[in-house]
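S.K.: What follows is a single structure, and I will ask about it in a moment.
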Amino acid sequence: MSRLYFLFIATLIVSCQNYEEQIDSEISPISNVIITKEADSSFKVTTEMALVKGGSYVPLYGKNQEKVIVNDLYMDEYPVTNAEYLDFVKKNEKWQKSKVKKIFADDNYLRKWQNDTVLNVDANPNSPVTNVSWFAANAYCDCQGKRLATVDEWEYVAMSDEKNADARKLESYNQKILDWYEKPKTYQNEVGNTFKNFYGIHDLHGLVWEWTSDFNSVLITGESRGDSAENNNLFCGSGSLNATDLMNYAAFIRYAFRGSVKANYSVQNLGFRCVKDIEK
């Protein structure tokens with residue numbers, strides 16, 4: 001227990017100033033689909049997505065054990081890779097490392113690429129792209145008619161293991177995630193390196209941290225999630241409040257990490273994937 005507590009505290013106290021030093025109801029699964037979106041004449045990506053059946057759950061942070069509702073959605077099976085992001089910046093020059101505006105990405109943006117359109121010689125095209133800001137990740141998803149998942153959506157999908165839609169109460173599952181978090185440089189591994197979860201989605205744990213659309217909205221100064229409006233400028237998160245499950249250290253670490261970054265930060269073990277709403 002002491003090792004886990006130390007791991008949680010060490011992550012929770014990460015400050016905005018030193019972020020670049022960070023190392024990086026029963027539901028039936030539904031068959032995967034392939035969605036192709038051509039946003040313009042120059043950028044087209046075909047991505048396998050899994051259909052997630054929505055529902056309700058009590059998140060780690062919330063007031064009075066309030067449940068949140070998650071609607072049905074599609075989620076990318078894998079994080080966006082170096083190769084996919086390279087294709088994106090080749091056809092969207094404003095997101096190349098020498099051209100991106102500093103308000104949208106800091107100096108760490110794509111820092112390990114050789115130049116605007118060339119990966120490092122030791123970079124694996126099939127590894128997840130990292131050192132990408134929230135603005136850049138959001139733009140990538142938007143180009144495909146998709147978006148970043150909300151914290152609630154991401155956590156809802158990520159609470160499953162191979163067989164259970166909600167595996168949060170399994171001590172062995174939480175320990176496995178914590179063990180992954182201690183491994184160095186997992187962002188260098190290829191996508192698909194970890195297990196396929198209940199919905200057919202890979203790598204939500206054990207590869208990279210992932211941006212969400214409202215990444216720090218639940219680390220707030222008030223007493224409920226509704227008080228987060230004052231912090232919606234995407235600055236650093238405030239105190240960690242209203243934990244509903246103090247035993248879920250893995251989720252604590254994710255919330256603490258999200259609260260330590262700003263939207264223009266580009267961290268070496270922080271990547272992303274996209275989701276898509278289901279048209280009604």
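Following the order of the structure tokens, chains are lettered A, B, ..., residues in each are numbered from 1, and ligands are numbered from 1.
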At a cut-off of 9 Å, using only C-alpha atoms, what residues contact Asn71 (chain A)? Leave out same-chain residues fewer than 5 positions from it and give the result as a PyMOL selection string.

M.R.: chain A and resi 52-56+153+277-278

S.K.: Write to file, as a PDB file, in the first residue's frame, the residues of the selection just made, with C-alpha atoms.

M.R.:
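Wrote it out as result_15.pdb, contents follow:
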```
ATOM      1  CA  VAL A  52     -19.386   1.559 -27.390  1.00  0.00           C
ATOM      2  CA  LYS A  53     -22.776   1.003 -25.830  1.00  0.00           C
ATOM      3  CA  GLY A  54     -23.464   3.876 -23.470  1.00  0.00           C
ATOM      4  CA  GLY A  55     -24.861   3.784 -19.964  1.00  0.00           C
ATOM      5  CA  SER A  56     -24.398   5.408 -16.571  1.00  0.00           C
ATOM      6  CA  GLU A 153     -16.506   9.051 -21.872  1.00  0.00           C
ATOM      7  CA  ASP A 277     -20.926  10.690 -32.107  1.00  0.00           C
ATOM      8  CA  ILE A 278     -23.599   8.391 -33.444  1.00  0.00           C
TER       9      ILE A 278
END
```

S.K.: Just the residues within 12 Å of Asp179 (chain A), please, counting only C-alpha atoms, with nothing from its chain fewer than 4 positions along; format it as a compact mmCIF listing (two decimals) with N, CA and C atoms, in the first residue's frame.

M.R.:
```txt
# COMPACT_ATOMS: atom_id res chain seq x y z
N ARG A 3 3.74 1.79 -1.39
CA ARG A 3 4.26 2.08 -2.72
C ARG A 3 3.20 2.75 -3.58
N LEU A 4 1.96 2.26 -3.50
CA LEU A 4 0.88 2.85 -4.27
C LEU A 4 0.59 4.27 -3.82
N LEU A 7 3.18 6.55 -5.13
CA LEU A 7 2.99 6.76 -6.56
C LEU A 7 1.90 7.79 -6.82
N SER A 172 -6.80 -6.91 -8.79
CA SER A 172 -5.76 -7.34 -9.72
C SER A 172 -5.71 -6.43 -10.96
N TYR A 173 -6.87 -5.95 -11.40
CA TYR A 173 -6.92 -5.09 -12.57
C TYR A 173 -6.28 -3.74 -12.28
N ASN A 174 -6.65 -3.14 -11.15
CA ASN A 174 -6.06 -1.86 -10.79
C ASN A 174 -4.56 -1.98 -10.57
N GLN A 175 -4.12 -3.09 -9.99
CA GLN A 175 -2.69 -3.28 -9.78
C GLN A 175 -1.95 -3.41 -11.10
N LYS A 183 6.31 1.57 -15.67
CA LYS A 183 7.24 1.16 -16.71
C LYS A 183 7.71 2.38 -17.51
N PRO A 184 8.99 2.49 -17.80
CA PRO A 184 9.51 3.66 -18.53
C PRO A 184 9.31 3.54 -20.04
N THR A 186 7.02 3.58 -22.29
CA THR A 186 6.05 2.71 -22.97
C THR A 186 5.52 3.37 -24.24
N HIS A 205 -4.70 1.73 -21.45
CA HIS A 205 -3.75 1.68 -20.34
C HIS A 205 -2.46 1.05 -20.84
N GLY A 206 -1.35 1.52 -20.30
CA GLY A 206 -0.10 0.84 -20.54
C GLY A 206 0.72 1.30 -21.72
N LEU A 207 0.26 2.35 -22.41
CA LEU A 207 1.02 2.83 -23.57
C LEU A 207 1.32 4.32 -23.42
N TYR A 249 -6.43 4.03 -7.10
CA TYR A 249 -5.25 4.86 -7.26
C TYR A 249 -4.94 5.13 -8.73
N ALA A 250 -5.18 4.15 -9.57
CA ALA A 250 -4.87 4.33 -10.99
C ALA A 250 -5.66 5.51 -11.57
```

S.K.: Between A:Asp166, A:Thr194, A:Leu178, A:Val151, which has the minimum distance to Phe215 (chain A) (counting only C-alpha atoms)?

M.R.: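 The closest residue to Phe215 (chain A) is A:Val151.
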
S.K.: Step one, run DSSP on the backbone; step two, keep only residues of region 65-265 of chain A assigned to strand (DSSP E or B); then write them as a ChimeraX atom specification.

M.R.: /A:68-70,73-76,81,115,118,128,147,196,202,209-210,243

S.K.: Restrict the selected residues to N, CA and C atoms and save them as a PDB file, in the first residue's frame.

M.R.:
```pdb
ATOM      1  N   VAL A  68     -23.156   9.726 -13.948  1.00  0.00           N
ATOM      2  CA  VAL A  68     -23.128  10.483 -15.193  1.00  0.00           C
ATOM      3  C   VAL A  68     -23.598   9.564 -16.318  1.00  0.00           C
ATOM      4  N   ILE A  69     -24.177  10.162 -17.324  1.00  0.00           N
ATOM      5  CA  ILE A  69     -24.695   9.420 -18.469  1.00  0.00           C
ATOM      6  C   ILE A  69     -23.703   9.524 -19.623  1.00  0.00           C
ATOM      7  N   VAL A  70     -23.391   8.408 -20.226  1.00  0.00           N
ATOM      8  CA  VAL A  70     -22.545   8.374 -21.421  1.00  0.00           C
ATOM      9  C   VAL A  70     -23.374   7.797 -22.558  1.00  0.00           C
ATOM     10  N   LEU A  73     -21.315   5.739 -28.611  1.00  0.00           N
ATOM     11  CA  LEU A  73     -20.350   6.450 -29.451  1.00  0.00           C
ATOM     12  C   LEU A  73     -19.400   5.459 -30.095  1.00  0.00           C
ATOM     13  N   TYR A  74     -18.687   5.931 -31.094  1.00  0.00           N
ATOM     14  CA  TYR A  74     -17.582   5.182 -31.680  1.00  0.00           C
ATOM     15  C   TYR A  74     -16.286   5.714 -31.087  1.00  0.00           C
ATOM     16  N   MET A  75     -15.338   4.816 -30.840  1.00  0.00           N
ATOM     17  CA  MET A  75     -14.016   5.233 -30.365  1.00  0.00           C
ATOM     18  C   MET A  75     -12.953   4.531 -31.196  1.00  0.00           C
ATOM     19  N   ASP A  76     -11.894   5.256 -31.540  1.00  0.00           N
ATOM     20  CA  ASP A  76     -10.775   4.649 -32.257  1.00  0.00           C
ATOM     21  C   ASP A  76     -10.250   3.451 -31.479  1.00  0.00           C
ATOM     22  N   THR A  81      -1.199   7.211 -34.457  1.00  0.00           N
ATOM     23  CA  THR A  81       0.209   6.844 -34.576  1.00  0.00           C
ATOM     24  C   THR A  81       1.052   7.969 -35.179  1.00  0.00           C
ATOM     25  N   ASN A 115      12.359  17.041 -38.608  1.00  0.00           N
ATOM     26  CA  ASN A 115      11.883  18.320 -39.117  1.00  0.00           C
ATOM     27  C   ASN A 115      10.375  18.234 -39.303  1.00  0.00           C
ATOM     28  N   VAL A 118       9.562  14.771 -41.280  1.00  0.00           N
ATOM     29  CA  VAL A 118      10.415  13.593 -41.160  1.00  0.00           C
ATOM     30  C   VAL A 118      10.510  13.180 -39.696  1.00  0.00           C
ATOM     31  N   PRO A 128       2.487   5.356 -30.896  1.00  0.00           N
ATOM     32  CA  PRO A 128       1.576   6.500 -30.763  1.00  0.00           C
ATOM     33  C   PRO A 128       2.318   7.818 -30.882  1.00  0.00           C
ATOM     34  N   ARG A 147     -13.965  13.971 -32.748  1.00  0.00           N
ATOM     35  CA  ARG A 147     -13.613  14.858 -31.642  1.00  0.00           C
ATOM     36  C   ARG A 147     -12.849  14.059 -30.597  1.00  0.00           C
ATOM     37  N   LYS A 196      -6.991  -6.093 -25.657  1.00  0.00           N
ATOM     38  CA  LYS A 196      -8.226  -5.565 -26.241  1.00  0.00           C
ATOM     39  C   LYS A 196      -9.308  -5.632 -25.164  1.00  0.00           C
ATOM     40  N   HIS A 202      -7.994  -1.065 -27.795  1.00  0.00           N
ATOM     41  CA  HIS A 202      -6.659  -1.343 -27.281  1.00  0.00           C
ATOM     42  C   HIS A 202      -6.032  -0.098 -26.644  1.00  0.00           C
ATOM     43  N   TRP A 209      -0.520   8.305 -21.884  1.00  0.00           N
ATOM     44  CA  TRP A 209      -1.645   9.081 -21.390  1.00  0.00           C
ATOM     45  C   TRP A 209      -2.380   9.623 -22.619  1.00  0.00           C
ATOM     46  N   GLU A 210      -3.641  10.010 -22.467  1.00  0.00           N
ATOM     47  CA  GLU A 210      -4.389  10.490 -23.631  1.00  0.00           C
ATOM     48  C   GLU A 210      -5.161  11.763 -23.296  1.00  0.00           C
ATOM     49  N   ALA A 243     -13.684  12.659  -4.133  1.00  0.00           N
ATOM     50  CA  ALA A 243     -13.352  11.323  -4.618  1.00  0.00           C
ATOM     51  C   ALA A 243     -14.417  10.336  -4.181  1.00  0.00           C
TER      52      ALA A 243
END
```

S.K.: In Å, rounded to a single decimal, give me how far CA of Lys169 (chain A) is from CA of Val275 (chain A).

M.R.: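 Pair CA of Val275 (chain A) / CA of Lys169 (chain A) returns 26.0 Å.
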
S.K.: Quick check for you: according to DSSP on this backbone, which residues of region 93-202 of chain A are classed as alpha helix (DSSP H)? Reply as an mmCIF file with C-alpha atoms, in the first residue's frame.

M.R.:
```cif
data_model
loop_
_atom_site.group_PDB
_atom_site.id
_atom_site.type_symbol
_atom_site.label_atom_id
_atom_site.label_comp_id
_atom_site.auth_asym_id
_atom_site.auth_seq_id
_atom_site.Cartn_x
_atom_site.Cartn_y
_atom_site.Cartn_z
ATOM 1 C CA TRP A 134 -4.489 19.555 -26.920
ATOM 2 C CA PHE A 135 -5.092 22.080 -29.698
ATOM 3 C CA ALA A 136 -3.278 19.906 -32.232
ATOM 4 C CA ALA A 137 -5.049 16.724 -31.137
ATOM 5 C CA ASN A 138 -8.381 18.502 -31.313
ATOM 6 C CA ALA A 139 -7.600 19.762 -34.832
ATOM 7 C CA TYR A 140 -6.628 16.275 -36.006
ATOM 8 C CA CYS A 141 -9.898 14.772 -34.813
ATOM 9 C CA ASP A 142 -11.926 17.650 -36.197
ATOM 10 C CA CYS A 143 -10.402 17.097 -39.645
ATOM 11 C CA VAL A 151 -13.215 12.687 -19.397
ATOM 12 C CA ASP A 152 -16.438 10.877 -18.531
ATOM 13 C CA GLU A 153 -16.506 9.051 -21.872
ATOM 14 C CA TRP A 154 -12.848 8.068 -21.673
ATOM 15 C CA GLU A 155 -13.079 6.827 -18.100
ATOM 16 C CA TYR A 156 -16.302 4.947 -18.849
ATOM 17 C CA VAL A 157 -14.631 2.972 -21.639
ATOM 18 C CA ALA A 158 -11.343 2.602 -19.756
ATOM 19 C CA GLU A 171 -7.836 -5.396 -7.217
ATOM 20 C CA SER A 172 -5.761 -7.337 -9.722
ATOM 21 C CA TYR A 173 -6.918 -5.091 -12.574
ATOM 22 C CA ASN A 174 -6.058 -1.858 -10.789
ATOM 23 C CA GLN A 175 -2.687 -3.283 -9.777
ATOM 24 C CA LYS A 176 -1.952 -4.225 -13.379
ATOM 25 C CA ILE A 177 -2.605 -0.645 -14.477
ATOM 26 C CA LEU A 178 -0.388 0.744 -11.712
ATOM 27 C CA ASP A 179 2.396 -1.614 -12.730
ATOM 28 C CA TRP A 180 2.121 -0.305 -16.295
ATOM 29 C CA TYR A 181 2.349 3.269 -15.078
#
```

S.K.: Provide the CA of Val58 (chain A) to CA of Met159 (chain A) distance in Å, to one decimal place.

M.R.: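 Distance between the two atoms: 11.1 Å.
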
S.K.: Could you build a table of the residues in region 93-147 of chain A lying no more than 9 Å from region 263-271 of chain A, giving for each the nearest pair of atoms and their separation in Å rounded to one decimal place, using only C-alpha atoms, ordered by chain and ascending residue number, as a Markdown table?

M.R.:
```
| residue | atom | partner | partner_atom | distance |
| --- | --- | --- | --- | --- |
| A:Lys102 | CA | A:Asn264 | CA | 7.7 |
| A:Ile103 | CA | A:Asn264 | CA | 6.6 |
| A:Phe104 | CA | A:Asn264 | CA | 5.1 |
| A:Ala105 | CA | A:Asn264 | CA | 4.4 |
| A:Asp106 | CA | A:Asn264 | CA | 5.7 |
| A:Asp107 | CA | A:Ser266 | CA | 7.9 |
| A:Asn108 | CA | A:Ser266 | CA | 5.4 |
| A:Tyr109 | CA | A:Ser266 | CA | 5.1 |
| A:Leu110 | CA | A:Ser266 | CA | 7.7 |
| A:Arg111 | CA | A:Gln268 | CA | 8.6 |
| A:Lys112 | CA | A:Gln268 | CA | 8.9 |
| A:Pro128 | CA | A:Gly271 | CA | 6.5 |
| A:Val129 | CA | A:Gly271 | CA | 5.7 |
| A:Thr130 | CA | A:Gly271 | CA | 4.7 |
| A:Asn131 | CA | A:Ser266 | CA | 4.2 |
| A:Val132 | CA | A:Ser266 | CA | 4.8 |
| A:Ser133 | CA | A:Ser266 | CA | 4.7 |
| A:Trp134 | CA | A:Ala263 | CA | 4.9 |
| A:Phe135 | CA | A:Ala263 | CA | 6.4 |
| A:Ala136 | CA | A:Asn264 | CA | 8.5 |
| A:Ala137 | CA | A:Gly271 | CA | 8.1 |
```
